[in-house]
Every structure is written in C-alpha cells, then in structure tokens.
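Engineer: Let me give you the structure first, and then I'll get to my questions.
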Amino acid sequence: MSATTKVAVHSLSDLKNTTDDALPNYLHSLKFKQIHTQTDVRLVLGYSAVAISGALFYFDWKFGWDATKPFTAPAVAAYFILNSIFTYWIWFVEAGCVFEGEGKTGKIRIASRTKKHIPIYYCDVTFTPAPYASNPQQKLRIRAPFTRWFTSDGYFVAKPFQQWLASEVPVVGTADPKNVIEEIGRGSETERAVNVSGNNVIGVLEQLKAGVKPTGGTSKRRKA
Amino acid sequence: MNSTPSVRRWLSELLQIAYAIATILMLWATLRVVTGSPHPILTVSSESMEPTFYRGDIILLWNRQHYIDVGDIPVVWFPGRSLPMVHRAIKVIHQDEGESDNSTARQLILTKGDNNDLDDTSLYPNGRAFVHREEIVGLVRAYIPYLGRLSLVVKDQPWILYASLAGMLAVGKLL
C-alpha cells in the first residue's frame with residue numbers, strides 16, 4: 001500500500017504535498033463526498049484575472065497601443081481588484097483546506113499546514129458528527145511528524161496515515177473503525193479547542209479517551 | 001495509494017502557471033499606464049548619444065510631460081519604423097493651428113544626437129523638418145548603464161535566446 005513515487009525526504013513541500021494528496025483519497029475511500037465549492041470559487045477568480053490579462057494583451061497585439069490605451073487602466077484596476085479578492089480567498093477563506101465534505105458519519109473540513117523547516121504536519125479539523133441536530137460543530141487541532149507515514153527513503157505508507165486520522169478525528173474514526181487504534185507515547189497530540197480549565201481537565205481527558213473509541217469495541221492495543 | 005488526477009487538480013496547477021504569467025503582464029501594463037508610454041523601458045542601440053548614453057544602457061521613459069523643452073531627450077518612433085531614435089531636442093517651435101476651434105499650439109521639435117555633427121532632418125520621413133509630439137513615445141527620465149548589453153547581443157544573434165531557453169528547459173527537466 002505504498003506510493004510508487006518517491007519523494008525527497010528533506011523537501012518539506014514534497015512531504016506536505018504528498019500527504020495533502022493522500023488525505024482526500026483516503027476520505028473518498030470511506031465514502032465521504034467532497035464539496036468543491038471553495039476550490040471552484042478560487043478557480044473562477046483566478047481564471048477571470050488571467051482572462052482579463054490575456055484579453056488586454058491580445059487586444060494590444062492585434063490593434064496596437066493607441067486603440068488599447070483607454071482600456072489599459074480599467075483592465076489593470078480590475079485585475080488588481082480580482083487579485084486582492086483571490087489572495088484574500090486563498091489566505092483567509094480556503095486557508096489551507098485540503099478536504100471539505102460530508103459522509104454518513106458527519107461533516108468534516110480539514111486544513112493542513114506546516115511550519116518552515118519543521119517536518120510536522122498540522123491539521124485544523126472542523127467537524128460535525130451525525131446526526132447534526134444533536135451534535136454541535138467542533139474544532140480540533142492535530143499534528144504528527146511526517147516520519148509517521150514516510151519511510152526514511154521517502155516512500156509514503158498509507159496505513160499509519162489512515163490510522164492517525166481515524167484515531168484522532170471522531171468522524172473519520174466512526175467511518176473507519178478498523179483504523180482506530182490507541183496510541184501510546186507515539187508523539188501525536190490532540191488539543192481540543194473547547195474550554196479546558198483547571199477544574200474540568202480530568203473530565204476532558206476522560207472525554208478524549210472515550211472519543212477515541214467510539215464503538216467501545218474494536219481497539220487494538222499497540223506495543224510501543 | 002496514488003492520487004487520481006482530476007480536472008480540478010489539473011486546472012489548479014495550470015492556473016498557477018497562467019497566473020504567474022498574467023501577473024507579470026499586468027505589472028508591465030501598469031508601468032505603461034503610469035508612465036503613459038507604450039515602451040517604458042528601452043535599450044540604447046546606437047552610439048549617437050555618446051557620452052550621454054552608450055550602447056547597452058537601459059533608458060526609462062516618462063510620457064506624461066506634454067511640452068517638450070530644449071535639452072530634453074525624447075524617444076522618437078515614426079510609424080512603420082522598426083526602431084526608435086533616442087536623441088536630444090535642440091529646437092522646439094509652437095505653431096498655432098489657425099483652423100481648429102481651440103487654438104492648441106502644435107509643437108514642432110528638432111532633434112540631434114549628442115554624438116552626431118548634423119541634426120536629424122535627414123532621418124525624418126518624407127522630407128519633414130520636424131518631429132511631432134505624437135511621434136514621441138516618452139522622454140528619458142533615468143537610465144541604467146550596461147544592463148541592456150545582453151539584450152543587444154541577443155538582438156544581433158537571436159539563436160542565443162533560443163539556445164538558452166532550450167538549455168533552461170533541459171536543466172529544469174533534469175532537476
């Protein structure tokens with residue numbers, strides 16, 4: 001179950017891109033239906049800007065500067081406005097989203113990022129478990145080093161990646177119980193973006209433990 | 001687990017390239033709009049303006065000054081010519097156009113290269129004695145010495161450009 005292509009192990013962008021590609025594939029295999037709206041808006045914005053630029057230069061090439069001159073300033077203005085919206089969309093709306101979709105076990109949105117020169121894969125997960133009426137939307141921030149699912153010579157191994165996702169994210173874990181395993185001292189951490197004060201730490205810990213084993217049955221203890 | 005290529009994925013990757021090119025083109029268009037000149041950056045290709053400019057200097061143009069003064073350096077590009085002339089304005093005459101309703105004076109400009117002994121009248125088309133403001137694509141406001149030398153080499157020997165492009169593609173593929 002390894003990828004046939006090798007990535008450059010020291011290239012953080014290669015590691016991230018390969019993992020970003022694997023994530024939607026895994027969720028598709030669990031029958032999550034991907035919502036492409038954000039991607040589509042980005043493509044429309046981007047190609048509109050490209051079209052304006054192309055039209056302006058085609059016009060200039062065909063009809064010369066004097067004919068194009070009155071259109072140049074408006075075209076430049078329109079392009080830079082579109083460019084600003086496009087940049088805003090990518091940075092603040094999409095914000096690194098690699099998957100947004102819905103499955104039988106709930107809705108999920110995963111955005112990934114890496115910090116410069118640090119080989120750790122960070123995910124911001126927003127999910128709503130099914131049924132939506134009785135469950136609120138939750139946010140989760142998970143991370144794991146790339147060494148979890150890349151061999152030292154650069155091959156991506158899907159199984160540990162799937163196990164990590166299934167174990168950390170309840171909506172994925174419910175859809176793929178076979179990959180939910182209890183992690184003991186493996187270095188991955190979960191921070192819930194819910195209030196954790198001094199009083200309810202024990203309660204939250206119990207909740208986390210319970211959250212990792214949704215069916216309460218199929219969990220394999222891994223020998224560290 | 002290999003990722004299956006999809007239309008969206010392919011479009012996204014193409015967009016990155018197209019967007020980079022579009023941005024460069026639009027920055028160039030912005031420069032044209034701001035300077036008012038269709039050719040805001042040019043390379044000096046003759047020795048006629050030495051010692052002010054030498055072959056290979058890059059000149060930066062500004063075309064929003066309507067009135068030409070003696071001493072300015074206009075870039076004159078006659079329609080149909082393949083190359084412009086960069087010389088100095090040595091005489092400017094304002095000629096009233098009696099026929100038109102608003103009496104906008106027409107500028108007639110005589111140019112001469114700093115390194116030439118004669119003025120440019122022999123270089124003007126159709127036996128004309130002066131250059132008109134519309135034929136000037138900009139005034140030289142600044143210059144960068146030496147920077148355009150490579151472009152002159154490429155202009156004389158275009159195969160160098162094609163060979164470098166081919167070389168860069170080959171190296172890109174290898175890496």
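For the structure tokens, the naming scheme is as follows: chains receive sequential letters (A, B, ...) according to their order of presentation, residues are indexed from 1 within each chain, and ligands are indexed from 1 in presentation order.
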Compute the set of chain B residues within 8 Å of chain A, using only C-alpha atoms, and express it as a ChimeraX atom specification.

Structural biologist: /B:1-3,8,11-12,15,18-19,22-23,25-26,29-30,33,38

Engineer: What's around Ala129 of chain B at 12 Å? Count only C-alpha atoms, leave out sequence neighbours fewer than 6 positions away in its own chain, and write the answer as a list of chain:residue names.

Structural biologist: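 Near neighbours after the sequence-gap exclusion: B:Lys91, B:Val92, B:Ile93, B:Leu108, B:Ile109, B:Leu110, B:Thr111, B:Lys112, B:Asp119, B:Asp120, B:Thr121, B:Ser122, B:Leu123.
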
Engineer: According to DSSP computed on the backbone, where in segment 25-173 of chain B is there strand (DSSP E or B)? Give the residues as a ChimeraX atom specification.

Structural biologist: /B:41-43,58-62,74-76,85-86,88-96,105-112,131-132,136-144

Engineer: Skipping near chain neighbours, those fewer than 5 positions away, what residues fall within 8 Å of segment 82-86 of chain B using only C-alpha atoms, listed as a list in words?

Structural biologist: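 Contacts, with the query itself left out: Val44, Met49, Ile73, Pro74, Val75, Val76, Trp77 and Gly113 of chain B.
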
Engineer: Okay, now the selection with all heavy atoms, as a PDB file, in the first residue's frame?

Structural biologist:
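Result file follows (result.pdb):
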ATOM      1  N   VAL B  44      19.458  51.344 -25.388  1.00  0.00           N
ATOM      2  CA  VAL B  44      20.134  52.197 -26.367  1.00  0.00           C
ATOM      3  C   VAL B  44      20.947  51.300 -27.289  1.00  0.00           C
ATOM      4  O   VAL B  44      21.751  50.490 -26.836  1.00  0.00           O
ATOM      5  CB  VAL B  44      21.069  53.193 -25.644  1.00  0.00           C
ATOM      6  CG1 VAL B  44      21.868  54.001 -26.657  1.00  0.00           C
ATOM      7  CG2 VAL B  44      20.263  54.107 -24.745  1.00  0.00           C
ATOM      8  N   MET B  49      24.333  58.990 -29.096  1.00  0.00           N
ATOM      9  CA  MET B  49      24.128  59.850 -27.936  1.00  0.00           C
ATOM     10  C   MET B  49      25.301  59.791 -26.964  1.00  0.00           C
ATOM     11  O   MET B  49      25.181  60.219 -25.821  1.00  0.00           O
ATOM     12  CB  MET B  49      22.855  59.448 -27.169  1.00  0.00           C
ATOM     13  CG  MET B  49      21.588  60.038 -27.731  1.00  0.00           C
ATOM     14  SD  MET B  49      21.555  61.848 -27.726  1.00  0.00           S
ATOM     15  CE  MET B  49      21.218  62.203 -26.011  1.00  0.00           C
ATOM     16  N   ILE B  73      15.362  64.728 -23.728  1.00  0.00           N
ATOM     17  CA  ILE B  73      15.766  63.644 -24.626  1.00  0.00           C
ATOM     18  C   ILE B  73      14.532  62.832 -24.975  1.00  0.00           C
ATOM     19  O   ILE B  73      14.144  61.917 -24.241  1.00  0.00           O
ATOM     20  CB  ILE B  73      16.838  62.755 -23.976  1.00  0.00           C
ATOM     21  CG1 ILE B  73      18.015  63.616 -23.520  1.00  0.00           C
ATOM     22  CG2 ILE B  73      17.302  61.688 -24.957  1.00  0.00           C
ATOM     23  CD1 ILE B  73      19.060  62.862 -22.744  1.00  0.00           C
ATOM     24  N   PRO B  74      13.865  63.160 -26.102  1.00  0.00           N
ATOM     25  CA  PRO B  74      12.684  62.372 -26.476  1.00  0.00           C
ATOM     26  C   PRO B  74      13.087  61.114 -27.231  1.00  0.00           C
ATOM     27  O   PRO B  74      14.123  61.079 -27.895  1.00  0.00           O
ATOM     28  CB  PRO B  74      11.913  63.326 -27.400  1.00  0.00           C
ATOM     29  CG  PRO B  74      12.964  64.194 -28.018  1.00  0.00           C
ATOM     30  CD  PRO B  74      14.097  64.293 -27.033  1.00  0.00           C
ATOM     31  N   VAL B  75      12.259  60.079 -27.099  1.00  0.00           N
ATOM     32  CA  VAL B  75      12.428  58.872 -27.915  1.00  0.00           C
ATOM     33  C   VAL B  75      11.407  58.984 -29.037  1.00  0.00           C
ATOM     34  O   VAL B  75      10.203  58.997 -28.797  1.00  0.00           O
ATOM     35  CB  VAL B  75      12.191  57.600 -27.087  1.00  0.00           C
ATOM     36  CG1 VAL B  75      12.218  56.365 -27.985  1.00  0.00           C
ATOM     37  CG2 VAL B  75      13.231  57.493 -25.992  1.00  0.00           C
ATOM     38  N   VAL B  76      11.904  59.119 -30.260  1.00  0.00           N
ATOM     39  CA  VAL B  76      11.036  59.340 -31.410  1.00  0.00           C
ATOM     40  C   VAL B  76      10.850  58.029 -32.154  1.00  0.00           C
ATOM     41  O   VAL B  76      11.833  57.396 -32.544  1.00  0.00           O
ATOM     42  CB  VAL B  76      11.667  60.388 -32.364  1.00  0.00           C
ATOM     43  CG1 VAL B  76      10.770  60.607 -33.553  1.00  0.00           C
ATOM     44  CG2 VAL B  76      11.915  61.683 -31.621  1.00  0.00           C
ATOM     45  N   TRP B  77       9.612  57.602 -32.333  1.00  0.00           N
ATOM     46  CA  TRP B  77       9.348  56.367 -33.069  1.00  0.00           C
ATOM     47  C   TRP B  77       8.369  56.688 -34.185  1.00  0.00           C
ATOM     48  O   TRP B  77       7.175  56.804 -33.971  1.00  0.00           O
ATOM     49  CB  TRP B  77       8.761  55.301 -32.136  1.00  0.00           C
ATOM     50  CG  TRP B  77       9.008  53.911 -32.623  1.00  0.00           C
ATOM     51  CD1 TRP B  77       8.992  53.472 -33.924  1.00  0.00           C
ATOM     52  CD2 TRP B  77       9.289  52.765 -31.824  1.00  0.00           C
ATOM     53  NE1 TRP B  77       9.270  52.130 -33.981  1.00  0.00           N
ATOM     54  CE2 TRP B  77       9.459  51.665 -32.702  1.00  0.00           C
ATOM     55  CE3 TRP B  77       9.435  52.549 -30.455  1.00  0.00           C
ATOM     56  CZ2 TRP B  77       9.757  50.378 -32.253  1.00  0.00           C
ATOM     57  CZ3 TRP B  77       9.729  51.264 -30.012  1.00  0.00           C
ATOM     58  CH2 TRP B  77       9.895  50.190 -30.913  1.00  0.00           C
ATOM     59  N   GLY B 113      21.469  63.965 -32.300  1.00  0.00           N
ATOM     60  CA  GLY B 113      22.211  63.118 -31.371  1.00  0.00           C
ATOM     61  C   GLY B 113      23.427  63.856 -30.837  1.00  0.00           C
ATOM     62  O   GLY B 113      24.073  64.595 -31.570  1.00  0.00           O
TER      63      GLY B 113
END

Engineer: Pick from B:Lys173, B:Arg106, B:Arg149, B:Arg128: nearest to Gly56 of chain B, with only C-alpha atoms counted?

Structural biologist: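 Among the listed residues, B:Arg149 lies closest to Gly56 of chain B.
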
Engineer: Just how far from atom CA of Gly148 of chain B is atom CA of Thr43 of chain B, in Å to one decimal?

Structural biologist: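 Atom-to-atom, atom CA of Thr43 of chain B to atom CA of Gly148 of chain B, that is 5.6 Å.
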
Engineer: Need the shell around Thr128 of chain A: protein/DNA/RNA residues with any atom at most 6 Å away, counting only C-alpha atoms. Skip same-chain ones fewer than 3 positions apart. Format as a PyMOL selection string?

Structural biologist: chain A and resi 106-107+137

Engineer: Could the residues in this selection be saved with C-alpha atoms as an mmCIF file, in the first residue's frame?

Structural biologist:
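Saved file result-v4.cif follows:
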data_model
loop_
_atom_site.group_PDB
_atom_site.id
_atom_site.type_symbol
_atom_site.label_atom_id
_atom_site.label_comp_id
_atom_site.auth_asym_id
_atom_site.auth_seq_id
_atom_site.Cartn_x
_atom_site.Cartn_y
_atom_site.Cartn_z
ATOM 1 C CA GLY A 106 -20.744 13.563 9.633
ATOM 2 C CA LYS A 107 -19.389 16.692 8.033
ATOM 3 C CA GLN A 137 -19.708 21.731 15.389
#

Engineer: Rank A:Phe63, A:Phe150, A:Phe92, A:Tyr132 by their smallest atom-to-atom distance to Val9 of chain A, using only C-alpha atoms, and report the top residue only.

Structural biologist: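 Smallest distance to Val9 of chain A is found for A:Phe150.
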
Engineer: Which residue is closest to His28 of chain A? Choose from A:Val125, A:Val172, A:Ala210, A:Leu205 and count only C-alpha atoms.

Structural biologist: A:Val172

Engineer: As a PDB file with N, CA, C and O atoms, in the first residue's frame, please: the residues near Pro119 of chain A (cut-off 12 Å, only C-alpha atoms, same-chain neighbours under 5 positions excluded).

Structural biologist:
ATOM      1  N   VAL A   9      12.929  13.343   0.800  1.00  0.00           N
ATOM      2  CA  VAL A   9      12.616  13.319   2.223  1.00  0.00           C
ATOM      3  C   VAL A   9      12.937  14.646   2.907  1.00  0.00           C
ATOM      4  O   VAL A   9      12.320  15.028   3.888  1.00  0.00           O
ATOM      5  N   HIS A  10      13.903  15.393   2.358  1.00  0.00           N
ATOM      6  CA  HIS A  10      14.268  16.649   3.015  1.00  0.00           C
ATOM      7  C   HIS A  10      13.495  17.836   2.477  1.00  0.00           C
ATOM      8  O   HIS A  10      13.706  18.958   2.919  1.00  0.00           O
ATOM      9  N   SER A  11      12.618  17.594   1.522  1.00  0.00           N
ATOM     10  CA  SER A  11      11.841  18.702   0.987  1.00  0.00           C
ATOM     11  C   SER A  11      10.502  18.747   1.697  1.00  0.00           C
ATOM     12  O   SER A  11       9.637  17.902   1.495  1.00  0.00           O
ATOM     13  N   LEU A  12      10.323  19.751   2.531  1.00  0.00           N
ATOM     14  CA  LEU A  12       9.093  19.851   3.317  1.00  0.00           C
ATOM     15  C   LEU A  12       7.881  19.989   2.413  1.00  0.00           C
ATOM     16  O   LEU A  12       6.826  19.403   2.677  1.00  0.00           O
ATOM     17  N   SER A  13       8.034  20.729   1.302  1.00  0.00           N
ATOM     18  CA  SER A  13       6.873  20.933   0.433  1.00  0.00           C
ATOM     19  C   SER A  13       6.471  19.620  -0.241  1.00  0.00           C
ATOM     20  O   SER A  13       5.279  19.351  -0.406  1.00  0.00           O
ATOM     21  N   ASP A  14       7.463  18.792  -0.593  1.00  0.00           N
ATOM     22  CA  ASP A  14       7.132  17.485  -1.184  1.00  0.00           C
ATOM     23  C   ASP A  14       6.370  16.627  -0.194  1.00  0.00           C
ATOM     24  O   ASP A  14       5.371  15.984  -0.530  1.00  0.00           O
ATOM     25  N   LEU A  15       6.857  16.606   1.058  1.00  0.00           N
ATOM     26  CA  LEU A  15       6.194  15.800   2.091  1.00  0.00           C
ATOM     27  C   LEU A  15       4.752  16.275   2.268  1.00  0.00           C
ATOM     28  O   LEU A  15       3.816  15.479   2.307  1.00  0.00           O
ATOM     29  N   LYS A  16       4.608  17.593   2.374  1.00  0.00           N
ATOM     30  CA  LYS A  16       3.264  18.131   2.606  1.00  0.00           C
ATOM     31  C   LYS A  16       2.358  17.863   1.416  1.00  0.00           C
ATOM     32  O   LYS A  16       1.210  17.454   1.574  1.00  0.00           O
ATOM     33  N   THR A  19       1.257  14.235   1.283  1.00  0.00           N
ATOM     34  CA  THR A  19       0.261  13.963   2.327  1.00  0.00           C
ATOM     35  C   THR A  19      -1.064  14.622   1.986  1.00  0.00           C
ATOM     36  O   THR A  19      -2.134  14.020   2.153  1.00  0.00           O
ATOM     37  N   ARG A 113      -1.238  22.541   7.339  1.00  0.00           N
ATOM     38  CA  ARG A 113      -0.144  23.498   7.180  1.00  0.00           C
ATOM     39  C   ARG A 113       1.119  22.911   7.786  1.00  0.00           C
ATOM     40  O   ARG A 113       1.080  21.939   8.534  1.00  0.00           O
ATOM     41  N   THR A 114       2.221  23.537   7.422  1.00  0.00           N
ATOM     42  CA  THR A 114       3.492  23.153   8.028  1.00  0.00           C
ATOM     43  C   THR A 114       4.208  24.432   8.411  1.00  0.00           C
ATOM     44  O   THR A 114       3.973  25.487   7.831  1.00  0.00           O
ATOM     45  N   ARG A 143      -1.608  17.146  15.155  1.00  0.00           N
ATOM     46  CA  ARG A 143      -0.346  17.205  14.430  1.00  0.00           C
ATOM     47  C   ARG A 143       0.421  15.907  14.602  1.00  0.00           C
ATOM     48  O   ARG A 143       0.239  15.184  15.585  1.00  0.00           O
ATOM     49  N   ALA A 144       1.250  15.616  13.641  1.00  0.00           N
ATOM     50  CA  ALA A 144       2.098  14.436  13.716  1.00  0.00           C
ATOM     51  C   ALA A 144       3.314  14.684  12.840  1.00  0.00           C
ATOM     52  O   ALA A 144       3.229  15.402  11.838  1.00  0.00           O
ATOM     53  N   PRO A 145       4.452  14.108  13.220  1.00  0.00           N
ATOM     54  CA  PRO A 145       5.627  14.272  12.353  1.00  0.00           C
ATOM     55  C   PRO A 145       5.466  13.421  11.098  1.00  0.00           C
ATOM     56  O   PRO A 145       4.835  12.360  11.123  1.00  0.00           O
ATOM     57  N   PHE A 146       6.038  13.880   9.996  1.00  0.00           N
ATOM     58  CA  PHE A 146       5.928  13.159   8.737  1.00  0.00           C
ATOM     59  C   PHE A 146       6.550  11.770   8.821  1.00  0.00           C
ATOM     60  O   PHE A 146       6.222  10.890   8.040  1.00  0.00           O
ATOM     61  N   THR A 147       7.440  11.583   9.776  1.00  0.00           N
ATOM     62  CA  THR A 147       8.087  10.282   9.924  1.00  0.00           C
ATOM     63  C   THR A 147       7.090   9.170  10.257  1.00  0.00           C
ATOM     64  O   THR A 147       7.396   8.000  10.124  1.00  0.00           O
ATOM     65  N   ARG A 148       5.899   9.558  10.670  1.00  0.00           N
ATOM     66  CA  ARG A 148       4.888   8.542  10.976  1.00  0.00           C
ATOM     67  C   ARG A 148       4.480   7.754   9.744  1.00  0.00           C
ATOM     68  O   ARG A 148       4.164   6.565   9.829  1.00  0.00           O
ATOM     69  N   TRP A 149       4.390   8.445   8.595  1.00  0.00           N
ATOM     70  CA  TRP A 149       3.911   7.739   7.412  1.00  0.00           C
ATOM     71  C   TRP A 149       4.834   7.844   6.210  1.00  0.00           C
ATOM     72  O   TRP A 149       4.442   7.509   5.098  1.00  0.00           O
ATOM     73  N   PHE A 150       6.048   8.302   6.391  1.00  0.00           N
ATOM     74  CA  PHE A 150       7.042   8.265   5.327  1.00  0.00           C
ATOM     75  C   PHE A 150       8.213   7.405   5.777  1.00  0.00           C
ATOM     76  O   PHE A 150       8.690   7.550   6.904  1.00  0.00           O
TER      77      PHE A 150
END

Engineer: I want to know what sits within 8 Å of Gly96 of chain A, based on only C-alpha atoms, with residues of the same chain fewer than 2 positions away left out; could you give that as a list of chain:residue names?

Structural biologist: A:Ile90, A:Trp91, A:Glu94, A:Val98, A:Ala111, A:Ser112, A:Arg113

Engineer: How far is it from atom CA of Gly172 of chain B to atom CA of Ser151 of chain B, in Å with one decimal?

Structural biologist: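 Calculated distance between atom CA of Gly172 of chain B and atom CA of Ser151 of chain B is 22.8 Å.
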
Engineer: If you run DSSP on this backbone, which residues of segment 21-165 of chain B come out as alpha helix (DSSP H), and could you give them as an MDAnalysis selection string?

Structural biologist: chainID B and resid 21:35 149:156 159:165

Engineer: I need the residues from that last selection saved to file as a CSV table (one decimal), in the first residue's frame (with N, CA, C and O atoms), if you can.

Structural biologist:
chain,number,residue,atom,x,y,z
B,21,ILE,N,2.2,34.2,-15.2
B,21,ILE,CA,2.4,35.0,-16.4
B,21,ILE,C,1.5,36.2,-16.4
B,21,ILE,O,2.0,37.3,-16.8
B,22,ALA,N,0.3,36.0,-16.1
B,22,ALA,CA,-0.7,37.1,-16.1
B,22,ALA,C,-0.2,38.3,-15.2
B,22,ALA,O,-0.3,39.5,-15.5
B,23,THR,N,0.3,37.9,-14.0
B,23,THR,CA,0.8,39.0,-13.1
B,23,THR,C,1.9,39.8,-13.7
B,23,THR,O,2.0,41.0,-13.6
B,24,ILE,N,2.9,39.1,-14.3
B,24,ILE,CA,4.0,39.8,-15.0
B,24,ILE,C,3.5,40.7,-16.1
B,24,ILE,O,3.9,41.9,-16.2
B,25,LEU,N,2.6,40.2,-16.9
B,25,LEU,CA,2.0,41.0,-18.0
B,25,LEU,C,1.3,42.3,-17.4
B,25,LEU,O,1.4,43.4,-17.9
B,26,MET,N,0.5,42.1,-16.3
B,26,MET,CA,-0.2,43.2,-15.8
B,26,MET,C,0.7,44.2,-15.1
B,26,MET,O,0.4,45.4,-15.1
B,27,LEU,N,1.8,43.7,-14.5
B,27,LEU,CA,2.8,44.7,-14.0
B,27,LEU,C,3.3,45.5,-15.1
B,27,LEU,O,3.5,46.8,-14.9
B,28,TRP,N,3.6,44.9,-16.2
B,28,TRP,CA,4.1,45.6,-17.4
B,28,TRP,C,3.0,46.6,-17.8
B,28,TRP,O,3.3,47.8,-18.2
B,29,ALA,N,1.7,46.2,-17.9
B,29,ALA,CA,0.7,47.1,-18.3
B,29,ALA,C,0.5,48.3,-17.3
B,29,ALA,O,0.3,49.4,-17.7
B,30,THR,N,0.7,48.0,-16.0
B,30,THR,CA,0.7,49.1,-15.0
B,30,THR,C,1.8,50.1,-15.3
B,30,THR,O,1.5,51.3,-15.2
B,31,LEU,N,3.0,49.6,-15.6
B,31,LEU,CA,4.1,50.5,-15.9
B,31,LEU,C,3.7,51.4,-17.1
B,31,LEU,O,4.0,52.6,-17.1
B,32,ARG,N,3.1,50.8,-18.1
B,32,ARG,CA,2.7,51.5,-19.3
B,32,ARG,C,1.7,52.6,-19.0
B,32,ARG,O,1.7,53.7,-19.4
B,33,VAL,N,0.7,52.2,-18.1
B,33,VAL,CA,-0.3,53.2,-17.7
B,33,VAL,C,0.3,54.3,-16.9
B,33,VAL,O,0.0,55.5,-17.2
B,34,VAL,N,1.1,54.0,-16.0
B,34,VAL,CA,1.7,55.0,-15.1
B,34,VAL,C,2.6,56.0,-15.8
B,34,VAL,O,2.5,57.2,-15.7
B,35,THR,N,3.4,55.5,-16.7
B,35,THR,CA,4.3,56.3,-17.4
B,35,THR,C,3.7,57.0,-18.6
B,35,THR,O,4.1,58.0,-19.2
B,149,ARG,N,23.1,45.3,-22.1
B,149,ARG,CA,24.1,44.7,-23.1
B,149,ARG,C,23.7,43.4,-23.6
B,149,ARG,O,23.9,43.0,-24.8
B,150,LEU,N,23.2,42.5,-22.7
B,150,LEU,CA,22.8,41.2,-23.0
B,150,LEU,C,21.7,41.2,-24.1
B,150,LEU,O,21.8,40.4,-25.1
B,151,SER,N,20.8,42.1,-23.9
B,151,SER,CA,19.7,42.2,-24.9
B,151,SER,C,20.2,42.6,-26.3
B,151,SER,O,19.6,42.1,-27.3
B,152,LEU,N,21.2,43.4,-26.3
B,152,LEU,CA,21.8,43.7,-27.7
B,152,LEU,C,22.4,42.5,-28.3
B,152,LEU,O,22.3,42.3,-29.5
B,153,VAL,N,23.2,41.8,-27.5
B,153,VAL,CA,23.8,40.5,-28.1
B,153,VAL,C,22.7,39.6,-28.6
B,153,VAL,O,22.9,39.1,-29.7
B,154,VAL,N,21.6,39.5,-27.9
B,154,VAL,CA,20.6,38.6,-28.3
B,154,VAL,C,19.9,39.1,-29.5
B,154,VAL,O,19.5,38.4,-30.4
B,155,LYS,N,19.8,40.4,-29.6
B,155,LYS,CA,19.1,41.1,-30.8
B,155,LYS,C,19.9,40.7,-32.0
B,155,LYS,O,19.4,40.4,-33.1
B,156,ASP,N,21.3,40.8,-31.9
B,156,ASP,CA,22.1,40.5,-33.1
B,156,ASP,C,22.2,39.1,-33.4
B,156,ASP,O,22.3,38.7,-34.6
B,159,TRP,N,19.7,33.3,-32.0
B,159,TRP,CA,19.8,31.9,-31.6
B,159,TRP,C,20.3,31.7,-30.2
B,159,TRP,O,20.0,30.7,-29.6
B,160,ILE,N,21.0,32.7,-29.6
B,160,ILE,CA,21.4,32.6,-28.3
B,160,ILE,C,20.2,32.5,-27.3
B,160,ILE,O,20.2,31.7,-26.4
B,161,LEU,N,19.1,33.3,-27.6
B,161,LEU,CA,17.9,33.3,-26.8
B,161,LEU,C,17.3,31.9,-26.8
B,161,LEU,O,17.0,31.3,-25.8
B,162,TYR,N,17.2,31.3,-28.1
B,162,TYR,CA,16.5,30.0,-28.2
B,162,TYR,C,17.4,28.9,-27.5
B,162,TYR,O,16.9,28.1,-26.8
B,163,ALA,N,18.7,29.0,-27.7
B,163,ALA,CA,19.6,28.1,-27.1
B,163,ALA,C,19.5,28.1,-25.5
B,163,ALA,O,19.5,27.1,-24.9
B,164,SER,N,19.5,29.4,-25.0
B,164,SER,CA,19.4,29.5,-23.5
B,164,SER,C,18.0,28.9,-23.0
B,164,SER,O,18.0,28.3,-22.0
B,165,LEU,N,16.9,29.2,-23.7
B,165,LEU,CA,15.6,28.7,-23.3
B,165,LEU,C,15.7,27.2,-23.3
B,165,LEU,O,15.2,26.5,-22.4
